[in-house]
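This report concerns only the one structure given below.
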Amino acid sequence: VYLVGVDIAPGTWRSDSPASCYWARLKGFSGALGEVIANANGRGIVTIAKTDKGFRSAKCGTWSKSK
């Protein structure tokens with residue numbers, strides 16, 4: 001889990017392992033389902049907004065920021 005603006009910058013990111021990837025954009029860290037802004041399985045592209053609080057990923061490999 002990453003803190004947006006501290007651990008990961010807002011913007012569009014791509015994973016090097018999209019087939020196995022799960023990610024979620026978060027508006028909080030309590031673990032409540034209502035804090036998930038958006039999520040996906042098997043799609044290693046995400047645009048993180050500057051208003052997002054957190055970003056969670058699993059089995060995504062390395063994330064690279066798109067230009």
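Within each chain, counting starts at residue 1; across the structure tokens, chains are named A, B, ... in the order shown, with ligands numbered 1 upward in that order.
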
Inset, instruction - Pull the helix (DSSP H, G or I) assignments for chain A out of DSSP run on the backbone, and list those residues as a ChimeraX atom specification. - result: /A:18-20,33-35

Legend entry - Option closest in space to Lys59 (chain A), from A:Tyr2, A:Ser30, A:Gly42, A:Ile8 [counting only C-alpha atoms]: A:Gly42

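Shortest atom-to-atom contact with Ala58 (chain A) among A:Gly5, A:Asn39, A:Cys21, A:Leu26: A:Cys21, counting only C-alpha atoms.
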
All residues 6 Å or closer to region 46-50 of chain A, only C-alpha atoms, same chain fewer than 5 positions away omitted, as a PDB file with N, CA, C and O atoms, in the first residue's frame:
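around07.pdb written:
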```pdb
ATOM      1  N   PRO A  10       0.977  11.149  -8.244  1.00  0.00           N
ATOM      2  CA  PRO A  10      -0.185  11.086  -9.125  1.00  0.00           C
ATOM      3  C   PRO A  10       0.275  10.993 -10.579  1.00  0.00           C
ATOM      4  O   PRO A  10       1.374  11.424 -10.921  1.00  0.00           O
ATOM      5  N   GLY A  11      -0.563  10.419 -11.416  1.00  0.00           N
ATOM      6  CA  GLY A  11      -0.252  10.287 -12.841  1.00  0.00           C
ATOM      7  C   GLY A  11      -0.647   8.915 -13.337  1.00  0.00           C
ATOM      8  O   GLY A  11      -1.259   8.120 -12.619  1.00  0.00           O
ATOM      9  N   THR A  12      -0.288   8.617 -14.571  1.00  0.00           N
ATOM     10  CA  THR A  12      -0.589   7.323 -15.178  1.00  0.00           C
ATOM     11  C   THR A  12       0.623   6.414 -15.033  1.00  0.00           C
ATOM     12  O   THR A  12       1.747   6.803 -15.360  1.00  0.00           O
ATOM     13  N   TRP A  13       0.352   5.216 -14.556  1.00  0.00           N
ATOM     14  CA  TRP A  13       1.401   4.226 -14.281  1.00  0.00           C
ATOM     15  C   TRP A  13       1.103   2.924 -15.025  1.00  0.00           C
ATOM     16  O   TRP A  13      -0.051   2.568 -15.216  1.00  0.00           O
TER      17      TRP A  13
END
```

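The closest residue to Phe55 (chain A), picked from A:Arg25, A:Lys67, A:Arg14, A:Arg43 and counting only C-alpha atoms, is A:Arg25.
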
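Minimum atom-to-atom distances from A:Cys60, A:Val1, A:Ile45, A:Ala19 to Gly31 (chain A) were compared using only C-alpha atoms, and the lowest value belongs to A:Val1.
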
Legend entry - Which of chain A DSSP labels strand (DSSP E or B), written as number ranges by chain: A: 2-4, 8, 11-15, 22-26, 36-41, 45-48, 54-58, 63-65

Inset, instruction - List the neighbours of Leu3 (chain A) out to 10 Å using only C-alpha atoms; skip same-chain residues closer than 5 positions along the sequence, and give me the result as a PyMOL selection string. - result: chain A and resi 8-9+26+28-29+52-56

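Reported to one decimal place, the separation of CA of Leu33 (chain A) from CA of Val4 (chain A) is 18.5 Å.
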